[in-house]
file coords-v6.pdb (PDB, C-alpha atoms, pLDDT in the B column)
ATOM      1  CA  GLN U  21      -8.934  -2.349  15.383  1.00 39.00           C
ATOM      2  CA  ARG U  22      -9.168  -1.673  11.666  1.00 46.00           C
ATOM      3  CA  HIS U  23     -12.370  -2.070   9.743  1.00 43.00           C
ATOM      4  CA  PRO U  24     -12.545  -4.593   6.891  1.00 41.00           C
ATOM      5  CA  GLY U  25     -12.128  -1.841   4.350  1.00 43.00           C
ATOM      6  CA  GLN U  26      -8.836  -0.764   5.814  1.00 45.00           C
ATOM      7  CA  HIS U  27      -7.209  -4.037   4.918  1.00 47.00           C
ATOM      8  CA  GLN U  28      -5.963  -4.698   1.420  1.00 48.00           C
ATOM      9  CA  PRO U  29      -4.451  -7.943   0.148  1.00 47.00           C
ATOM     10  CA  ARG U  30      -0.678  -8.003  -0.211  1.00 49.00           C
ATOM     11  CA  ARG U  31       0.753  -8.541  -3.672  1.00 50.00           C
ATOM     12  CA  ARG U  32       4.385  -9.199  -4.412  1.00 52.00           C
ATOM     13  CA  ASP U  33       6.239  -7.269  -7.071  1.00 53.00           C
ATOM     14  CA  PRO U  34       6.391  -8.025  -9.980  1.00 64.00           C
ATOM     15  CA  ALA U  35       2.900  -9.464  -9.396  1.00 88.00           C
ATOM     16  CA  LEU U  36       1.831  -6.152  -7.849  1.00 93.00           C
ATOM     17  CA  ALA U  37       3.047  -4.075 -10.779  1.00 94.00           C
ATOM     18  CA  ARG U  38       1.634  -6.630 -13.210  1.00 95.00           C
ATOM     19  CA  GLU U  39      -1.823  -6.339 -11.648  1.00 95.00           C
ATOM     20  CA  GLY U  40      -1.610  -2.575 -11.962  1.00 96.00           C
ATOM     21  CA  ALA U  41      -0.604  -2.857 -15.620  1.00 97.00           C
ATOM     22  CA  ARG U  42      -3.499  -5.215 -16.299  1.00 96.00           C
ATOM     23  CA  MET U  43      -5.920  -2.759 -14.731  1.00 97.00           C
ATOM     24  CA  ALA U  44      -4.476   0.001 -16.896  1.00 98.00           C
ATOM     25  CA  SER U  45      -4.905  -2.119 -20.034  1.00 97.00           C
ATOM     26  CA  ALA U  46      -8.528  -2.904 -19.200  1.00 98.00           C
ATOM     27  CA  LEU U  47      -9.403   0.728 -18.583  1.00 98.00           C
ATOM     28  CA  GLU U  48      -7.463   2.005 -21.584  1.00 98.00           C
ATOM     29  CA  SER U  49      -9.497  -0.316 -23.790  1.00 97.00           C
ATOM     30  CA  GLY U  50     -12.728   0.883 -22.171  1.00 97.00           C
ATOM     31  CA  ASP U  51     -13.532  -2.526 -20.696  1.00 97.00           C
ATOM     32  CA  LEU U  52     -15.117  -1.523 -17.378  1.00 97.00           C
ATOM     33  CA  ARG U  53     -16.391  -5.031 -16.751  1.00 97.00           C
ATOM     34  CA  ALA U  54     -12.888  -6.494 -16.910  1.00 97.00           C
ATOM     35  CA  ALA U  55     -11.480  -3.664 -14.797  1.00 97.00           C
ATOM     36  CA  ARG U  56     -14.109  -4.181 -12.108  1.00 97.00           C
ATOM     37  CA  ALA U  57     -13.356  -7.901 -12.105  1.00 96.00           C
ATOM     38  CA  ARG U  58      -9.641  -7.165 -11.616  1.00 95.00           C
ATOM     39  CA  LEU U  59      -9.985  -4.737  -8.716  1.00 95.00           C
ATOM     40  CA  PRO U  60     -10.419  -7.441  -6.024  1.00 92.00           C
ATOM     41  CA  HIS U  61      -6.911  -8.632  -6.960  1.00 91.00           C
ATOM     42  CA  LEU U  62      -5.655  -5.331  -5.551  1.00 92.00           C
ATOM     43  CA  CYS U  63      -8.025  -4.192  -2.802  1.00 89.00           C
ATOM     44  CA  GLY U  64     -11.192  -4.985  -0.911  1.00 84.00           C
ATOM     45  CA  ARG U  65     -13.526  -2.189  -1.968  1.00 88.00           C
ATOM     46  CA  ASP U  66     -16.735  -2.897  -3.887  1.00 89.00           C
ATOM     47  CA  PRO U  67     -16.076  -2.335  -7.625  1.00 94.00           C
ATOM     48  CA  SER U  68     -19.601  -3.025  -8.890  1.00 91.00           C
ATOM     49  CA  GLU U  69     -20.583   0.615  -9.398  1.00 90.00           C
ATOM     50  CA  LEU U  70     -17.177   2.241  -9.816  1.00 94.00           C
ATOM     51  CA  GLU U  71     -16.461   4.140 -12.996  1.00 96.00           C
ATOM     52  CA  ALA U  72     -13.046   4.535 -14.605  1.00 97.00           C
ATOM     53  CA  PRO U  73     -11.798   7.457 -12.439  1.00 96.00           C
ATOM     54  CA  GLU U  74     -12.675   5.684  -9.181  1.00 96.00           C
ATOM     55  CA  LEU U  75     -11.144   2.450 -10.423  1.00 97.00           C
ATOM     56  CA  ALA U  76      -8.015   4.423 -11.263  1.00 98.00           C
ATOM     57  CA  ARG U  77      -7.913   5.961  -7.784  1.00 97.00           C
ATOM     58  CA  ALA U  78      -8.416   2.581  -6.112  1.00 96.00           C
ATOM     59  CA  THR U  79      -5.581   1.131  -8.176  1.00 97.00           C
ATOM     60  CA  VAL U  80      -3.140   3.931  -7.392  1.00 98.00           C
ATOM     61  CA  GLU U  81      -3.938   3.779  -3.670  1.00 97.00           C
ATOM     62  CA  SER U  82      -3.523   0.004  -3.623  1.00 96.00           C
ATOM     63  CA  LEU U  83      -0.217   0.174  -5.474  1.00 97.00           C
ATOM     64  CA  ALA U  84       1.042   2.690  -2.915  1.00 97.00           C
ATOM     65  CA  GLU U  85       0.035   0.687   0.154  1.00 94.00           C
ATOM     66  CA  ASN U  86       1.055  -2.703  -1.194  1.00 94.00           C
ATOM     67  CA  THR U  87       4.454  -1.429  -2.306  1.00 97.00           C
ATOM     68  CA  SER U  88       5.176  -1.146   1.402  1.00 95.00           C
ATOM     69  CA  ASP U  89       3.371  -4.255   2.647  1.00 92.00           C
ATOM     70  CA  ALA U  90       4.403  -6.675  -0.076  1.00 92.00           C
ATOM     71  CA  VAL U  91       7.822  -5.369  -1.112  1.00 95.00           C
ATOM     72  CA  VAL U  92       9.576  -2.978   1.260  1.00 96.00           C
ATOM     73  CA  ALA U  93       8.501  -4.611   4.532  1.00 95.00           C
ATOM     74  CA  PRO U  94       9.713  -8.145   3.634  1.00 94.00           C
ATOM     75  CA  LEU U  95      12.994  -6.695   2.357  1.00 94.00           C
ATOM     76  CA  PHE U  96      13.410  -4.633   5.521  1.00 94.00           C
ATOM     77  CA  TRP U  97      12.846  -7.517   7.911  1.00 93.00           C
ATOM     78  CA  GLY U  98      14.976  -9.819   5.794  1.00 91.00           C
ATOM     79  CA  ALA U  99      17.838  -7.327   5.925  1.00 89.00           C
ATOM     80  CA  VAL U 100      17.448  -6.715   9.671  1.00 87.00           C
ATOM     81  CA  ALA U 101      16.989 -10.307  10.867  1.00 87.00           C
ATOM     82  CA  GLY U 102      17.724 -12.548   7.899  1.00 87.00           C
ATOM     83  CA  VAL U 103      15.468 -15.435   6.927  1.00 89.00           C
ATOM     84  CA  PRO U 104      13.943 -15.707  10.437  1.00 92.00           C
ATOM     85  CA  GLY U 105      12.946 -12.039  10.266  1.00 90.00           C
ATOM     86  CA  LEU U 106      11.423 -12.472   6.828  1.00 88.00           C
ATOM     87  CA  LEU U 107       9.466 -15.558   7.907  1.00 91.00           C
ATOM     88  CA  ALA U 108       8.278 -13.848  11.087  1.00 91.00           C
ATOM     89  CA  TYR U 109       7.024 -10.876   9.096  1.00 91.00           C
ATOM     90  CA  ARG U 110       5.185 -13.103   6.643  1.00 88.00           C
ATOM     91  CA  ALA U 111       3.566 -14.946   9.560  1.00 87.00           C
ATOM     92  CA  VAL U 112       2.372 -11.670  11.095  1.00 86.00           C
ATOM     93  CA  ASN U 113       1.203 -10.405   7.725  1.00 80.00           C
ATOM     94  CA  THR U 114      -0.698 -13.617   6.984  1.00 79.00           C
ATOM     95  CA  LEU U 115      -2.302 -13.688  10.413  1.00 76.00           C
ATOM     96  CA  ASP U 116      -3.510 -10.128   9.933  1.00 68.00           C
ATOM     97  CA  ALA U 117      -4.940 -11.024   6.516  1.00 64.00           C
ATOM     98  CA  MET U 118      -6.826 -13.955   8.038  1.00 65.00           C
ATOM     99  CA  VAL U 119      -8.246 -12.512  11.262  1.00 52.00           C
ATOM    100  CA  GLY U 120      -7.045  -8.907  11.514  1.00 47.00           C
ATOM    101  CA  HIS U 121     -10.435  -7.451  10.640  1.00 53.00           C
ATOM    102  CA  ARG U 122     -13.402  -6.810  12.856  1.00 50.00           C
ATOM    103  CA  SER U 123     -15.647  -9.860  13.303  1.00 51.00           C
ATOM    104  CA  PRO U 124     -17.532 -11.364  16.257  1.00 53.00           C
ATOM    105  CA  ARG U 125     -15.531 -14.569  16.106  1.00 51.00           C
ATOM    106  CA  TYR U 126     -12.083 -12.986  16.075  1.00 46.00           C
ATOM    107  CA  GLU U 127     -12.813  -9.758  17.954  1.00 51.00           C
ATOM    108  CA  ARG U 128      -9.940  -9.980  20.447  1.00 50.00           C
ATOM    109  CA  PHE U 129      -7.535 -12.181  18.521  1.00 45.00           C
ATOM    110  CA  GLY U 130      -8.066 -10.125  15.366  1.00 55.00           C
ATOM    111  CA  TRP U 131      -7.391  -6.895  17.242  1.00 59.00           C
ATOM    112  CA  ALA U 132      -4.049  -8.237  18.428  1.00 71.00           C
ATOM    113  CA  ALA U 133      -3.134  -9.456  14.931  1.00 69.00           C
ATOM    114  CA  ALA U 134      -3.971  -6.080  13.405  1.00 76.00           C
ATOM    115  CA  ARG U 135      -1.954  -4.171  16.004  1.00 84.00           C
ATOM    116  CA  LEU U 136       1.030  -6.510  15.563  1.00 88.00           C
ATOM    117  CA  ASP U 137       0.885  -5.977  11.813  1.00 87.00           C
ATOM    118  CA  ASP U 138       0.798  -2.216  12.358  1.00 90.00           C
ATOM    119  CA  VAL U 139       3.929  -2.459  14.498  1.00 92.00           C
ATOM    120  CA  ALA U 140       5.731  -4.665  11.966  1.00 94.00           C
ATOM    121  CA  ASN U 141       4.957  -2.208   9.157  1.00 94.00           C
ATOM    122  CA  TYR U 142       5.670   1.006  11.056  1.00 96.00           C
ATOM    123  CA  VAL U 143       9.253   1.466   9.874  1.00 97.00           C
ATOM    124  CA  PRO U 144       8.799  -0.071   6.379  1.00 97.00           C
ATOM    125  CA  ALA U 145       5.860   2.247   5.624  1.00 97.00           C
ATOM    126  CA  ARG U 146       7.916   5.296   6.472  1.00 97.00           C
ATOM    127  CA  LEU U 147      10.861   3.992   4.473  1.00 97.00           C
ATOM    128  CA  THR U 148       8.488   3.507   1.546  1.00 98.00           C
ATOM    129  CA  GLY U 149       7.390   7.117   1.872  1.00 98.00           C
ATOM    130  CA  LEU U 150      10.973   8.384   1.893  1.00 98.00           C
ATOM    131  CA  ILE U 151      12.077   6.204  -1.034  1.00 98.00           C
ATOM    132  CA  THR U 152       9.015   7.377  -2.981  1.00 98.00           C
ATOM    133  CA  VAL U 153      10.057  10.978  -2.347  1.00 98.00           C
ATOM    134  CA  LEU U 154      13.541  10.228  -3.666  1.00 97.00           C
ATOM    135  CA  ALA U 155      12.064   8.589  -6.778  1.00 97.00           C
ATOM    136  CA  ALA U 156       9.614  11.439  -7.415  1.00 98.00           C
ATOM    137  CA  PRO U 157      10.076  13.861 -10.329  1.00 95.00           C
ATOM    138  CA  ASP U 158       9.465  16.736  -7.908  1.00 97.00           C
ATOM    139  CA  ARG U 159      10.972  15.688  -4.592  1.00 98.00           C
ATOM    140  CA  ARG U 160      10.088  18.904  -2.814  1.00 98.00           C
ATOM    141  CA  ARG U 161       6.407  18.534  -3.628  1.00 98.00           C
ATOM    142  CA  ALA U 162       6.340  14.840  -2.722  1.00 98.00           C
ATOM    143  CA  LEU U 163       8.017  15.529   0.627  1.00 98.00           C
ATOM    144  CA  ALA U 164       5.651  18.400   1.392  1.00 98.00           C
ATOM    145  CA  VAL U 165       2.571  16.244   0.752  1.00 98.00           C
ATOM    146  CA  LEU U 166       4.037  13.366   2.770  1.00 98.00           C
ATOM    147  CA  ARG U 167       4.727  15.616   5.750  1.00 97.00           C
ATOM    148  CA  ARG U 168       1.390  17.408   5.578  1.00 97.00           C
ATOM    149  CA  ASP U 169      -0.995  14.546   4.749  1.00 97.00           C
ATOM    150  CA  GLY U 170       0.737  11.311   5.753  1.00 96.00           C
ATOM    151  CA  HIS U 171      -0.970  11.189   9.163  1.00 95.00           C
ATOM    152  CA  ARG U 172      -4.503  11.785   7.846  1.00 92.00           C
ATOM    153  CA  HIS U 173      -5.269   8.204   6.766  1.00 91.00           C
ATOM    154  CA  PRO U 174      -7.129   5.986   9.289  1.00 89.00           C
ATOM    155  CA  SER U 175      -4.270   3.483   9.060  1.00 88.00           C
ATOM    156  CA  PRO U 176      -1.099   4.550  10.923  1.00 88.00           C
ATOM    157  CA  ASN U 177       1.017   3.275   8.033  1.00 95.00           C
ATOM    158  CA  ALA U 178      -0.903   3.360   4.750  1.00 94.00           C
ATOM    159  CA  GLY U 179      -1.213   7.145   4.820  1.00 96.00           C
ATOM    160  CA  ARG U 180       2.543   7.588   4.600  1.00 97.00           C
ATOM    161  CA  CYS U 181       2.692   5.551   1.416  1.00 97.00           C
ATOM    162  CA  GLU U 182      -0.406   7.031  -0.196  1.00 97.00           C
ATOM    163  CA  ALA U 183       0.546  10.621   0.628  1.00 98.00           C
ATOM    164  CA  ALA U 184       4.017  10.116  -0.864  1.00 98.00           C
ATOM    165  CA  PHE U 185       2.525   8.604  -4.027  1.00 98.00           C
ATOM    166  CA  ALA U 186       0.017  11.463  -4.228  1.00 98.00           C
ATOM    167  CA  GLY U 187       2.823  14.011  -4.082  1.00 98.00           C
ATOM    168  CA  ALA U 188       5.073  12.093  -6.466  1.00 98.00           C
ATOM    169  CA  LEU U 189       2.321  11.670  -9.064  1.00 98.00           C
ATOM    170  CA  ASP U 190       0.782  15.121  -8.404  1.00 98.00           C
ATOM    171  CA  VAL U 191      -2.705  13.695  -7.838  1.00 98.00           C
ATOM    172  CA  THR U 192      -5.226  13.759  -4.998  1.00 98.00           C
ATOM    173  CA  LEU U 193      -5.991  10.472  -3.264  1.00 97.00           C
ATOM    174  CA  GLY U 194      -8.598   9.623  -0.638  1.00 95.00           C
ATOM    175  CA  GLY U 195     -12.332  10.228  -0.595  1.00 92.00           C
ATOM    176  CA  THR U 196     -15.359   7.971  -0.307  1.00 87.00           C
ATOM    177  CA  ASN U 197     -14.906   4.194  -0.550  1.00 87.00           C
ATOM    178  CA  THR U 198     -17.523   1.450  -0.433  1.00 81.00           C
ATOM    179  CA  TYR U 199     -16.869  -1.905   1.242  1.00 75.00           C
ATOM    180  CA  GLY U 200     -19.689  -4.431   1.103  1.00 69.00           C
ATOM    181  CA  GLY U 201     -22.375  -1.760   1.128  1.00 71.00           C
ATOM    182  CA  ARG U 202     -20.696   0.268   3.901  1.00 78.00           C
ATOM    183  CA  MET U 203     -19.261   3.673   2.993  1.00 84.00           C
ATOM    184  CA  GLU U 204     -16.073   5.177   4.411  1.00 84.00           C
ATOM    185  CA  HIS U 205     -15.190   8.852   4.008  1.00 86.00           C
ATOM    186  CA  ARG U 206     -11.455   9.401   4.145  1.00 88.00           C
ATOM    187  CA  PRO U 207      -9.510  12.678   4.149  1.00 92.00           C
ATOM    188  CA  THR U 208      -7.910  13.638   0.864  1.00 96.00           C
ATOM    189  CA  MET U 209      -4.154  13.660   0.327  1.00 97.00           C
ATOM    190  CA  GLY U 210      -2.301  15.630  -2.321  1.00 97.00           C
ATOM    191  CA  GLU U 211      -2.841  18.802  -4.314  1.00 93.00           C
ATOM    192  CA  GLY U 212      -3.343  17.692  -7.909  1.00 96.00           C
ATOM    193  CA  PRO U 213      -6.390  16.428  -9.815  1.00 97.00           C
ATOM    194  CA  ARG U 214      -8.083  13.111  -9.142  1.00 97.00           C
ATOM    195  CA  PRO U 215      -6.253  10.126 -10.709  1.00 97.00           C
ATOM    196  CA  GLN U 216      -7.229   9.272 -14.253  1.00 97.00           C
ATOM    197  CA  VAL U 217      -6.628   6.121 -16.267  1.00 98.00           C
ATOM    198  CA  GLY U 218      -3.321   7.447 -17.590  1.00 97.00           C
ATOM    199  CA  ASP U 219      -1.998   7.838 -14.056  1.00 98.00           C
ATOM    200  CA  ILE U 220      -2.109   4.088 -13.401  1.00 98.00           C
ATOM    201  CA  ARG U 221       0.923   3.335 -15.564  1.00 98.00           C
ATOM    202  CA  ARG U 222       2.770   6.208 -13.900  1.00 98.00           C
ATOM    203  CA  ALA U 223       1.965   4.624 -10.542  1.00 98.00           C
ATOM    204  CA  VAL U 224       3.148   1.239 -11.826  1.00 98.00           C
ATOM    205  CA  ARG U 225       6.478   2.769 -12.885  1.00 98.00           C
ATOM    206  CA  LEU U 226       6.795   4.428  -9.480  1.00 98.00           C
ATOM    207  CA  THR U 227       6.069   1.134  -7.728  1.00 97.00           C
ATOM    208  CA  ARG U 228       8.803  -0.564  -9.738  1.00 97.00           C
ATOM    209  CA  ALA U 229      11.289   2.238  -9.045  1.00 97.00           C
ATOM    210  CA  VAL U 230      10.615   2.139  -5.301  1.00 97.00           C
ATOM    211  CA  SER U 231      10.825  -1.660  -5.273  1.00 96.00           C
ATOM    212  CA  LEU U 232      14.183  -1.683  -7.071  1.00 96.00           C
ATOM    213  CA  ALA U 233      15.598   0.992  -4.782  1.00 97.00           C
ATOM    214  CA  ALA U 234      14.407  -0.884  -1.705  1.00 96.00           C
ATOM    215  CA  ALA U 235      15.926  -4.124  -2.986  1.00 95.00           C
ATOM    216  CA  GLY U 236      19.270  -2.416  -3.552  1.00 95.00           C
ATOM    217  CA  ALA U 237      19.185  -0.839  -0.097  1.00 94.00           C
ATOM    218  CA  ALA U 238      18.297  -4.182   1.498  1.00 91.00           C
ATOM    219  CA  VAL U 239      21.248  -5.892  -0.184  1.00 90.00           C
ATOM    220  CA  LEU U 240      23.627  -3.180   1.033  1.00 90.00           C
ATOM    221  CA  ALA U 241      22.179  -3.307   4.547  1.00 86.00           C
ATOM    222  CA  ALA U 242      22.455  -7.098   4.727  1.00 82.00           C
ATOM    223  CA  TRP U 243      26.058  -6.905   3.497  1.00 85.00           C
ATOM    224  CA  ALA U 244      26.887  -4.258   6.113  1.00 84.00           C
ATOM    225  CA  VAL U 245      25.328  -6.308   8.902  1.00 78.00           C
ATOM    226  CA  ARG U 246      27.320  -9.378   7.871  1.00 79.00           C
ATOM    227  CA  ARG U 247      30.530  -7.342   7.772  1.00 83.00           C
ATOM    228  CA  VAL U 248      29.918  -5.982  11.254  1.00 83.00           C
ATOM    229  CA  THR U 249      28.979  -9.345  12.770  1.00 80.00           C
ATOM    230  CA  SER U 250      31.871 -11.188  11.097  1.00 80.00           C
ATOM    231  CA  SER U 251      34.438  -8.611  12.189  1.00 75.00           C
ATOM    232  CA  GLY U 252      33.089  -8.746  15.768  1.00 62.00           C
TER     233      GLY U 252
END
call {"tool": "encode", "arguments": {"input": "coords-v6.pdb", "output": "structure tokens"}}
result
Amino acid sequence: QRHPGQHQPRRRDPALAREGARMASALESGDLRAARARLPHLCGRDPSELEAPELARATVESLAENTSDAVVAPLFWGAVAGVPGLLAYRAVNTLDAMVGHRSPRYERFGWAAARLDDVANYVPARLTGLITVLAAPDRRRALAVLRRDGHRHPSPNAGRCEAAFAGALDVTLGGTNTYGGRMEHRPTMGEGPRPQVGDIRRAVRLTRAVSLAAAGAAVLAAWAVRRVTSSG
């Protein structure tokens, strides 16, 4: 079962991209206090002692993961199974957010919720990685980082998204994170420098590009499914 730090809240685009843009604005103006206050809108790590570079990294990683969880996954299940599929995914996603972390009270139930959420996001996370590669300025580099580093994250799904973003943005993600006084050391992904404040808006643009591409693909898939079922 995942640890509390492995879970991040799901944000819907454009809310997701808007949160990223707000973080960029706060950091660009040098307002660390406002940026630290905004970080919990994106992820669960402790922002109290984070400086601008670590806030930037947290934002980029959260944009990558939540692009899959909050945008691509609902579109995928909506295209595959219509409104019932979309509602079922949201139920799984919400259950995981409520009890899918380790706690004495929800030890067994939370484990099942977390595993079910992992299953529901398995295909969408990999689609997110592939769409990110297609949207990347250097597709070859993005694909190479995705293939090499996508499995290194403790989450079976988040690593695919974060590795693809790392390759697309030419930055290095991963490292040490703090969650409620507990530290996690995660493998790094990517080959470039650590994210800086200026990389947040690049990540926001990438999130929007991936979201638009996924929406277009979902519409085409839903249309194709209807054509097949109606002709049958």
call {"tool": "closest_residue", "arguments": {"input": "coords-v6.pdb", "among": "U:Ser68, U:Leu154, U:Arg146, U:Asn113", "to": "Arg167 in chain U", "atoms": "all atoms listed in the file"}}
result
U:Arg146
call {"tool": "atom_distance", "arguments": {"input": "coords-v6.pdb", "atom1": "CA of Leu193 in chain U", "atom2": "CA of Ala35 in chain U"}}
result
22.7 Å
call {"tool": "atom_distance", "arguments": {"input": "coords-v6.pdb", "atom1": "CA of His171 in chain U", "atom2": "CA of Ser88 in chain U"}}
result
15.8 Å
call {"tool": "closest_residue", "arguments": {"input": "coords-v6.pdb", "among": "U:Ala164, U:Leu59, U:Ala44, U:Ala108", "to": "Pro94 in chain U", "atoms": "all atoms listed in the file"}}
result
U:Ala108
call {"tool": "resolve_selection", "arguments": {"input": "coords-v6.pdb", "expression": "the PyMOL selection byres ((chain U and resi 38) around 12)", "output": "list in words"}}
result
Arg31, Arg32, Asp33, Pro34, Ala35, Leu36, Ala37, Glu39, Gly40, Ala41, Arg42, Met43, Ala44, Ser45, Arg58, His61, Leu62, Thr79, Leu83, Ile220, Arg221, Ala223, Val224, Arg225, Thr227 and Arg228 of chain U
call {"tool": "residues_around", "arguments": {"input": "coords-v6.pdb", "residues": "Val230 in chain U", "least_positions_apart": "3", "cutoff": "10 Å", "atoms": "only C-alpha atoms", "output": "list in words"}}
result
Ala84, Thr87, Ser88, Val91, Val92, Leu147, Thr148, Gly149, Leu150, Ile151, Thr152, Val153, Leu154, Ala155, Ala156, Val224, Arg225, Leu226, Thr227, Ala233, Ala234, Ala235 and Gly236 of chain U
call {"tool": "write_last_selection", "arguments": {"input": "coords-v6.pdb", "atoms": "C-alpha atoms", "output": "PDB file, in the coordinates of the input"}}
result
ATOM      1  CA  ALA U  84       1.042   2.690  -2.915  1.00 97.00           C
ATOM      2  CA  THR U  87       4.454  -1.429  -2.306  1.00 97.00           C
ATOM      3  CA  SER U  88       5.176  -1.146   1.402  1.00 95.00           C
ATOM      4  CA  VAL U  91       7.822  -5.369  -1.112  1.00 95.00           C
ATOM      5  CA  VAL U  92       9.576  -2.978   1.260  1.00 96.00           C
ATOM      6  CA  LEU U 147      10.861   3.992   4.473  1.00 97.00           C
ATOM      7  CA  THR U 148       8.488   3.507   1.546  1.00 98.00           C
ATOM      8  CA  GLY U 149       7.390   7.117   1.872  1.00 98.00           C
ATOM      9  CA  LEU U 150      10.973   8.384   1.893  1.00 98.00           C
ATOM     10  CA  ILE U 151      12.077   6.204  -1.034  1.00 98.00           C
ATOM     11  CA  THR U 152       9.015   7.377  -2.981  1.00 98.00           C
ATOM     12  CA  VAL U 153      10.057  10.978  -2.347  1.00 98.00           C
ATOM     13  CA  LEU U 154      13.541  10.228  -3.666  1.00 97.00           C
ATOM     14  CA  ALA U 155      12.064   8.589  -6.778  1.00 97.00           C
ATOM     15  CA  ALA U 156       9.614  11.439  -7.415  1.00 98.00           C
ATOM     16  CA  VAL U 224       3.148   1.239 -11.826  1.00 98.00           C
ATOM     17  CA  ARG U 225       6.478   2.769 -12.885  1.00 98.00           C
ATOM     18  CA  LEU U 226       6.795   4.428  -9.480  1.00 98.00           C
ATOM     19  CA  THR U 227       6.069   1.134  -7.728  1.00 97.00           C
ATOM     20  CA  ALA U 233      15.598   0.992  -4.782  1.00 97.00           C
ATOM     21  CA  ALA U 234      14.407  -0.884  -1.705  1.00 96.00           C
ATOM     22  CA  ALA U 235      15.926  -4.124  -2.986  1.00 95.00           C
ATOM     23  CA  GLY U 236      19.270  -2.416  -3.552  1.00 95.00           C
TER      24      GLY U 236
END
call {"tool": "closest_residue", "arguments": {"input": "coords-v6.pdb", "among": "U:Ala244, U:Ala229, U:Leu70, U:Ala76", "to": "Arg214 in chain U", "atoms": "all atoms listed in the file"}}
result
U:Ala76
call {"tool": "closest_residue", "arguments": {"input": "coords-v6.pdb", "among": "U:Ala55, U:Val143, U:Met209, U:Ala242", "to": "Arg168 in chain U", "atoms": "all atoms listed in the file"}}
result
U:Met209
call {"tool": "atom_distance", "arguments": {"input": "coords-v6.pdb", "atom1": "CA of Gly187 in chain U", "atom2": "CA of Tyr109 in chain U"}}
result
28.5 Å
call {"tool": "closest_residue", "arguments": {"input": "coords-v6.pdb", "among": "U:Ala188, U:Leu52, U:Arg202, U:Asp138", "to": "Glu74 in chain U", "atoms": "only C-alpha atoms"}}
result
U:Leu52
call {"tool": "resolve_selection", "arguments": {"input": "coords-v6.pdb", "expression": "the PyMOL selection byres ((chain U and resi 101-107) around 12)", "output": "list in words"}}
result
Ala90, Val91, Val92, Ala93, Pro94, Leu95, Phe96, Trp97, Gly98, Ala99, Val100, Ala108, Tyr109, Arg110, Ala111, Val112, Asn113, Thr114, Ala140, Ala238, Val239, Ala241, Ala242, Trp243, Val245 and Arg246 of chain U
call {"tool": "resolve_selection", "arguments": {"input": "coords-v6.pdb", "expression": "the PyMOL selection byres ((chain U and resi 211) around 12)", "output": "list in words"}}
result
Arg161, Ala162, Ala164, Val165, Leu166, Arg168, Asp169, Ala183, Ala184, Phe185, Ala186, Gly187, Ala188, Leu189, Asp190, Val191, Thr192, Leu193, Gly194, Thr208, Met209, Gly210, Gly212, Pro213, Arg214 and Pro215 of chain U
call {"tool": "write_last_selection", "arguments": {"input": "coords-v6.pdb", "atoms": "C-alpha atoms", "output": "PDB file, in the coordinates of the input"}}
result
ATOM      1  CA  ARG U 161       6.407  18.534  -3.628  1.00 98.00           C
ATOM      2  CA  ALA U 162       6.340  14.840  -2.722  1.00 98.00           C
ATOM      3  CA  ALA U 164       5.651  18.400   1.392  1.00 98.00           C
ATOM      4  CA  VAL U 165       2.571  16.244   0.752  1.00 98.00           C
ATOM      5  CA  LEU U 166       4.037  13.366   2.770  1.00 98.00           C
ATOM      6  CA  ARG U 168       1.390  17.408   5.578  1.00 97.00           C
ATOM      7  CA  ASP U 169      -0.995  14.546   4.749  1.00 97.00           C
ATOM      8  CA  ALA U 183       0.546  10.621   0.628  1.00 98.00           C
ATOM      9  CA  ALA U 184       4.017  10.116  -0.864  1.00 98.00           C
ATOM     10  CA  PHE U 185       2.525   8.604  -4.027  1.00 98.00           C
ATOM     11  CA  ALA U 186       0.017  11.463  -4.228  1.00 98.00           C
ATOM     12  CA  GLY U 187       2.823  14.011  -4.082  1.00 98.00           C
ATOM     13  CA  ALA U 188       5.073  12.093  -6.466  1.00 98.00           C
ATOM     14  CA  LEU U 189       2.321  11.670  -9.064  1.00 98.00           C
ATOM     15  CA  ASP U 190       0.782  15.121  -8.404  1.00 98.00           C
ATOM     16  CA  VAL U 191      -2.705  13.695  -7.838  1.00 98.00           C
ATOM     17  CA  THR U 192      -5.226  13.759  -4.998  1.00 98.00           C
ATOM     18  CA  LEU U 193      -5.991  10.472  -3.264  1.00 97.00           C
ATOM     19  CA  GLY U 194      -8.598   9.623  -0.638  1.00 95.00           C
ATOM     20  CA  THR U 208      -7.910  13.638   0.864  1.00 96.00           C
ATOM     21  CA  MET U 209      -4.154  13.660   0.327  1.00 97.00           C
ATOM     22  CA  GLY U 210      -2.301  15.630  -2.321  1.00 97.00           C
ATOM     23  CA  GLY U 212      -3.343  17.692  -7.909  1.00 96.00           C
ATOM     24  CA  PRO U 213      -6.390  16.428  -9.815  1.00 97.00           C
ATOM     25  CA  ARG U 214      -8.083  13.111  -9.142  1.00 97.00           C
ATOM     26  CA  PRO U 215      -6.253  10.126 -10.709  1.00 97.00           C
TER      27      PRO U 215
END
call {"tool": "closest_residue", "arguments": {"input": "coords-v6.pdb", "among": "U:Glu48, U:Glu69, U:Asp137, U:Asp219", "to": "Asp89 in chain U", "atoms": "only C-alpha atoms"}}
result
U:Asp137
